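Participant: Sharing target08.cif, mmCIF, C-alpha atoms:
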data_coords
#
loop_
_atom_site.label_atom_id
_atom_site.label_comp_id
_atom_site.auth_asym_id
_atom_site.auth_seq_id
_atom_site.Cartn_x
_atom_site.Cartn_y
_atom_site.Cartn_z
CA MET A 27 0.00 0.00 0.00
CA GLY A 28 2.82 2.34 0.92
CA SER A 29 4.54 1.72 -2.43
CA LEU A 30 1.32 2.62 -4.29
CA ILE A 31 1.03 5.86 -2.37
CA ASP A 32 4.69 6.65 -3.04
CA ALA A 33 4.23 5.95 -6.74
CA TYR A 34 1.12 8.13 -6.82
CA THR A 35 2.86 11.06 -5.12
CA ASN A 36 5.70 10.83 -7.65
CA PHE A 37 3.31 11.24 -10.59
CA PRO A 38 3.06 14.66 -12.26
CA ALA A 39 0.16 16.75 -10.91
CA PRO A 40 -2.06 16.31 -14.02
CA LEU A 41 -1.63 12.53 -13.94
CA ARG A 42 -2.49 12.47 -10.22
CA PHE A 43 -5.65 14.37 -11.11
CA TYR A 44 -6.64 11.85 -13.79
CA TRP A 45 -6.02 8.93 -11.43
CA ALA A 46 -8.06 10.56 -8.65
CA VAL A 47 -10.97 11.27 -11.00
CA ALA A 48 -10.81 7.76 -12.50
CA VAL A 49 -10.83 5.97 -9.14
CA ALA A 50 -13.53 8.19 -7.57
CA ALA A 51 -15.80 8.01 -10.63
CA SER A 52 -15.33 4.23 -10.84
CA LEU A 53 -16.42 3.79 -7.22
CA VAL A 54 -19.52 5.93 -7.71
CA PHE A 55 -20.29 4.14 -10.99
CA VAL A 56 -20.13 0.72 -9.31
CA ILE A 57 -22.44 1.92 -6.52
CA GLN A 58 -24.90 3.30 -9.09
CA MET A 59 -24.95 0.03 -11.00
CA ILE A 60 -25.53 -2.00 -7.83
CA LEU A 61 -28.41 0.28 -6.81
CA THR A 62 -29.90 0.06 -10.31
CA PHE A 63 -29.78 -3.75 -10.40
CA ILE A 64 -31.42 -4.07 -6.97
CA GLY A 65 -34.16 -1.65 -8.03
CA VAL A 66 -33.17 1.48 -6.14
CA GLY A 67 -32.13 3.46 -9.21
CA HIS A 68 -33.53 6.75 -7.98
CA THR A 69 -31.04 6.87 -5.15
CA ASP A 70 -28.29 7.92 -7.50
CA ALA A 71 -29.74 11.39 -7.23
CA SER A 72 -30.20 11.56 -3.50
CA GLY A 73 -27.69 13.69 -1.76
CA ASP A 74 -26.32 15.14 -4.99
CA ALA A 75 -27.38 18.74 -5.33
CA PHE A 76 -26.60 19.25 -9.00
CA ASP A 77 -29.96 20.75 -9.88
CA GLY A 78 -29.76 24.10 -11.64
CA SER A 79 -32.94 25.43 -10.03
CA ALA A 80 -32.76 27.16 -6.69
CA GLY A 81 -34.63 25.50 -3.89
CA ASP A 82 -34.44 21.95 -5.22
CA ALA A 83 -31.65 20.68 -3.03
CA ASN A 84 -31.98 17.05 -3.93
CA GLY A 85 -32.54 17.30 -7.66
CA ASP A 86 -30.42 15.42 -10.13
CA THR A 87 -30.64 17.44 -13.31
CA LEU A 88 -29.39 20.73 -14.64
CA ASP A 89 -32.12 21.02 -17.24
CA THR A 90 -35.28 23.03 -16.80
CA GLY A 91 -37.88 20.76 -18.27
CA GLY A 92 -36.37 17.38 -18.94
CA ALA A 93 -36.45 17.86 -22.70
CA ILE A 94 -33.09 16.15 -23.20
CA GLN A 95 -31.96 14.39 -20.03
CA LEU A 96 -28.26 14.93 -20.65
CA PHE A 97 -27.11 16.66 -17.47
CA THR A 98 -27.99 13.98 -14.93
CA VAL A 99 -25.83 12.82 -12.05
CA ARG A 100 -25.45 9.48 -13.83
CA ASN A 101 -24.12 11.13 -16.98
CA ILE A 102 -21.81 13.42 -15.03
CA VAL A 103 -20.29 10.32 -13.41
CA ASN A 104 -20.00 8.65 -16.83
CA PHE A 105 -18.27 11.75 -18.20
CA LEU A 106 -15.79 11.86 -15.32
CA LEU A 107 -15.20 8.13 -15.74
CA GLY A 108 -14.21 8.69 -19.37
CA VAL A 109 -12.09 11.75 -18.58
CA GLY A 110 -10.24 10.02 -15.74
CA TRP A 111 -9.44 6.76 -17.50
CA GLY A 112 -8.87 8.53 -20.82
CA GLY A 113 -6.24 10.74 -19.19
CA VAL A 114 -4.59 7.77 -17.47
CA CYS A 115 -4.55 5.57 -20.58
CA PHE A 116 -3.30 8.23 -23.01
CA TRP A 117 -0.84 9.96 -20.67
CA ASN A 118 2.18 8.19 -22.16
CA THR A 119 0.76 8.17 -25.70
CA PHE A 120 1.08 11.89 -26.33
CA GLU A 121 3.99 14.10 -25.28
CA ASN A 122 1.79 17.19 -25.37
CA HIS A 123 -0.25 17.11 -22.15
CA HIS A 124 -2.74 19.63 -23.56
CA LEU A 125 -3.52 17.07 -26.25
CA VAL A 126 -4.06 14.46 -23.50
CA THR A 127 -6.62 16.82 -21.95
CA VAL A 128 -8.48 17.12 -25.25
CA VAL A 129 -8.44 13.34 -25.77
CA ALA A 130 -9.62 12.76 -22.17
CA PHE A 131 -12.50 15.20 -22.74
CA ILE A 132 -13.49 13.36 -25.93
CA CYS A 133 -13.35 10.05 -24.02
CA GLY A 134 -15.71 11.54 -21.42
CA LEU A 135 -18.21 12.55 -24.08
CA ALA A 136 -17.90 9.12 -25.71
CA PHE A 137 -18.69 7.42 -22.38
CA VAL A 138 -21.83 9.56 -21.97
CA VAL A 139 -23.05 8.80 -25.50
CA ALA A 140 -22.31 5.08 -25.13
CA PHE A 141 -24.10 4.74 -21.79
CA MET A 142 -27.11 6.78 -22.96
CA PHE A 143 -27.38 4.49 -26.00
CA MET A 144 -27.18 1.37 -23.83
CA LEU A 145 -29.81 2.73 -21.42
CA LYS A 146 -32.16 3.48 -24.32
CA GLN A 147 -31.75 -0.07 -25.60
CA LEU A 148 -32.40 -1.47 -22.12
CA MET A 149 -35.49 0.71 -21.80
CA LYS A 150 -36.81 -0.69 -25.08
CA LEU A 151 -36.39 -4.19 -23.69
CA GLN A 152 -38.03 -3.23 -20.40
CA HIS A 153 -41.02 -1.71 -22.15
CA GLY A 154 -41.46 -4.79 -24.28
CA GLY A 155 -43.20 -8.01 -23.39
CA ASN A 156 -46.49 -7.77 -21.52
CA PHE A 157 -46.06 -4.25 -20.15
CA ARG A 158 -49.18 -2.11 -20.57
CA ILE A 159 -48.89 1.51 -19.54
CA ASP A 160 -52.61 1.78 -18.73
CA GLU A 161 -52.04 -0.66 -15.85
CA CYS A 162 -49.84 1.96 -14.12
CA VAL A 163 -52.84 3.98 -12.89
CA GLY A 164 -52.95 3.92 -9.11
CA MET A 165 -49.37 2.69 -8.75
CA THR A 166 -46.90 4.38 -6.41
CA CYS A 167 -43.50 5.28 -7.84
CA SER A 168 -40.49 7.53 -7.28
CA VAL A 169 -39.56 10.67 -9.17
CA TYR A 170 -36.23 10.18 -10.96
CA LEU A 171 -36.06 13.50 -12.87
CA ARG A 172 -38.01 16.31 -11.21
CA VAL A 173 -41.47 16.97 -12.65
CA PRO A 174 -42.08 20.66 -13.53
CA ALA A 175 -45.23 22.35 -12.24
CA ARG A 176 -48.52 22.53 -14.15
CA ARG A 177 -47.45 20.50 -17.17
CA LYS A 178 -44.77 23.05 -18.13
CA GLY A 179 -42.44 20.19 -18.96
CA SER A 180 -41.93 16.54 -18.26
CA GLY A 181 -39.85 14.69 -15.74
CA LYS A 182 -39.37 10.99 -15.20
CA VAL A 183 -40.59 8.47 -12.67
CA GLN A 184 -39.27 5.02 -11.87
CA LEU A 185 -41.63 2.19 -11.09
CA SER A 186 -41.14 -1.49 -10.44
CA TRP A 187 -42.69 -3.90 -12.94
CA HIS A 188 -42.26 -7.63 -12.32
CA GLY A 189 -38.71 -7.21 -11.04
CA SER A 190 -37.70 -4.60 -13.63
CA VAL A 191 -37.28 -0.89 -13.00
CA LEU A 192 -39.01 1.20 -15.67
CA GLU A 193 -38.40 4.90 -16.34
CA ILE A 194 -41.42 6.70 -17.80
CA GLU A 195 -42.05 10.37 -18.62
CA ALA A 196 -44.31 12.11 -16.13
CA LEU A 197 -46.24 15.38 -15.84
CA THR A 198 -48.27 16.91 -13.04
CA ASP A 199 -51.12 19.42 -12.74
CA GLY A 200 -49.86 20.74 -9.39
CA GLU A 201 -46.63 22.20 -8.07
CA GLN A 202 -43.17 20.99 -9.05
CA ILE A 203 -42.29 17.56 -7.66
CA PRO A 204 -38.61 17.14 -6.72
CA SER A 205 -36.43 14.12 -7.44
CA GLY A 206 -36.79 11.33 -4.93
CA ALA A 207 -40.38 12.19 -4.01
CA LYS A 208 -43.05 9.49 -3.91
CA VAL A 209 -45.98 9.99 -6.27
CA ARG A 210 -49.12 8.18 -7.38
CA VAL A 211 -50.05 7.70 -11.04
CA SER A 212 -53.46 9.33 -11.53
CA LYS A 213 -53.84 9.07 -15.28
CA VAL A 214 -52.22 7.81 -18.47
CA ILE A 215 -51.66 10.75 -20.84
CA ASP A 216 -50.44 8.76 -23.85
CA SER A 217 -48.42 5.68 -24.71
CA HIS A 218 -45.24 7.02 -23.13
CA SER A 219 -46.21 9.51 -20.42
CA LEU A 220 -48.14 9.58 -17.15
CA LEU A 221 -49.91 12.16 -15.01
CA VAL A 222 -48.76 11.93 -11.40
CA GLU A 223 -49.62 13.54 -8.07
CA PRO A 224 -47.59 13.72 -4.85
CA LEU A 225 -48.55 11.42 -1.99
#
Would you write the structure of this file as structure tokens?
Facilitator:
Amino acid sequence: MGSLIDAYTNFPAPLRFYWAVAVAASLVFVIQMILTFIGVGHTDASGDAFDGSAGDANGDTLDTGGAIQLFTVRNIVNFLLGVGWGGVCFWNTFENHHLVTVVAFICGLAFVVAFMFMLKQLMKLQHGGNFRIDECVGMTCSVYLRVPARRKGSGKVQLSWHGSVLEIEALTDGEQIPSGAKVRVSKVIDSHSLLVEPL
């Protein structure tokens, strides 16, 4: 252990940064994946105040209406994962460390795109089979991406369906519902979105 610490302290400052980001992001990523597989996917937002709106201390997005869910805690972790390991892997490939920074940034973006693509494919599988959205009425679920007030935008809720965790777009007629809140499905709006109300 001591030799690892000594080796780390002898690294140049930028390389120490990449290693720190890579290790920290990897740990958070593993925790997120474990929580997702055991059906507690919404907890990746709890305790992370990355929301761009004032007053929503436990939100997990930087967007204002959930139009493109790009700036989520999950994607930020994926980006840092790519940046960290990209910097570590390409450190000795390029002599110009500024070029390493650019490559690490591109790796971060590539990780985000790759994971978003995989999640979309998984969601298609989850929504297949015998799932019928009209059977969601009356179910209790958790808000994953905050739901804007009075149908001014859509958020997302997570609900459990026969052992799978489904993410579905959600709107509300009332006040904004923050991430992590428990809601009840009151109505099916269309084939891919629900109307929810806080419990």
Participant: Suppose a student applies the PyMOL selection byres ((chain A and resi 48) around 10) to this structure; what residues should they get, written as a PyMOL selection string?
Facilitator: chain A and resi 42-47+49-53+103+106-114
Participant: Save out the residues we just selected, C-alpha atoms, as a PDB file, in the frame of the given file.
Facilitator:
ATOM      1  CA  ARG A  42      -2.490  12.470 -10.220  1.00  0.00           C
ATOM      2  CA  PHE A  43      -5.650  14.370 -11.110  1.00  0.00           C
ATOM      3  CA  TYR A  44      -6.640  11.850 -13.790  1.00  0.00           C
ATOM      4  CA  TRP A  45      -6.020   8.930 -11.430  1.00  0.00           C
ATOM      5  CA  ALA A  46      -8.060  10.560  -8.650  1.00  0.00           C
ATOM      6  CA  VAL A  47     -10.970  11.270 -11.000  1.00  0.00           C
ATOM      7  CA  VAL A  49     -10.830   5.970  -9.140  1.00  0.00           C
ATOM      8  CA  ALA A  50     -13.530   8.190  -7.570  1.00  0.00           C
ATOM      9  CA  ALA A  51     -15.800   8.010 -10.630  1.00  0.00           C
ATOM     10  CA  SER A  52     -15.330   4.230 -10.840  1.00  0.00           C
ATOM     11  CA  LEU A  53     -16.420   3.790  -7.220  1.00  0.00           C
ATOM     12  CA  VAL A 103     -20.290  10.320 -13.410  1.00  0.00           C
ATOM     13  CA  LEU A 106     -15.790  11.860 -15.320  1.00  0.00           C
ATOM     14  CA  LEU A 107     -15.200   8.130 -15.740  1.00  0.00           C
ATOM     15  CA  GLY A 108     -14.210   8.690 -19.370  1.00  0.00           C
ATOM     16  CA  VAL A 109     -12.090  11.750 -18.580  1.00  0.00           C
ATOM     17  CA  GLY A 110     -10.240  10.020 -15.740  1.00  0.00           C
ATOM     18  CA  TRP A 111      -9.440   6.760 -17.500  1.00  0.00           C
ATOM     19  CA  GLY A 112      -8.870   8.530 -20.820  1.00  0.00           C
ATOM     20  CA  GLY A 113      -6.240  10.740 -19.190  1.00  0.00           C
ATOM     21  CA  VAL A 114      -4.590   7.770 -17.470  1.00  0.00           C
TER      22      VAL A 114
END
Participant: Mind telling me what the PyMOL selection byres ((chain A and resi 206) around 6) catches here, as a PyMOL selection string?
Facilitator: chain A and resi 168-169+205+207
Participant: Please, what distance in Å, to one decimal, runs between atom CA of A:Lys208 and atom CA of A:Val183?
Facilitator: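 Interatomic distance here is 9.2 Å.
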Participant: Using the chain letters and numbers from this file, what does the PyMOL selection byres ((chain A and resi 175) around 6) select? Give the answer as a list of chain:residue names.
Facilitator: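 Output from the PyMOL selection byres ((chain A and resi 175) around 6), applied to this file: A:Pro174, A:Arg176, A:Arg177, A:Lys178, A:Gly200, A:Glu201, A:Gln202.
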Participant: Kindly indicate which residue among A:Ser180, A:Thr198, A:Asn101, A:Ala39 lies nearest to A:Ala136, using all atoms listed in the file for the distances.
Facilitator: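 Nearest candidate to A:Ala136 out of A:Ser180, A:Thr198, A:Asn101, A:Ala39: A:Asn101.
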Participant: Would you work out the distance separating atom CA of A:Leu61 from atom CA of A:Glu223, expressed in Å to one decimal?
Facilitator: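 We find that atom CA of A:Leu61 and atom CA of A:Glu223 lie 25.0 Å from each other.
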Participant: How far is it from atom CA of A:Lys213 to atom CA of A:Lys146, in Å with one decimal?
Facilitator: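 Atom CA of A:Lys146 lies at a distance of 24.1 Å from atom CA of A:Lys213.
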Participant: When distances are computed from all atoms listed in the file, which of A:Met142, A:Cys167, A:Val191, A:Val209 shows the smallest separation from A:Thr98?
Facilitator: A:Met142
Participant: Just the residues within 8 Å of A:His218, please, counting only C-alpha atoms, with nothing from its chain fewer than 6 positions along; format it as an NGL selection string.
Facilitator: :A and (159 or 194-195)
Participant: Kindly indicate which residue among A:Gln184, A:Thr127, A:Ser219, A:Gln147 lies nearest to A:Leu41, using all atoms listed in the file for the distances.
Facilitator: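 That would be A:Thr127, the residue with the smallest distance to A:Leu41.
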Participant: Here is a test: counting all atoms listed in the file, which residue of A:Val128, A:Phe157, A:Leu171, A:Pro204 is nearest to A:Trp187?
Facilitator: A:Phe157
Participant: So which one's closest to A:Gly134, A:Ile102, A:Met165, A:Leu148, A:Leu221? Using all atoms listed in the file, please.
Facilitator: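 Among the listed residues, the smallest separation from A:Gly134 belongs to A:Ile102.
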Participant: From the options A:Phe116, A:Arg100, A:Phe131, A:His123, which residue's atoms come nearest to A:Met59, counting all atoms listed in the file?
Facilitator: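 For A:Met59, the nearest of the given residues is A:Arg100.
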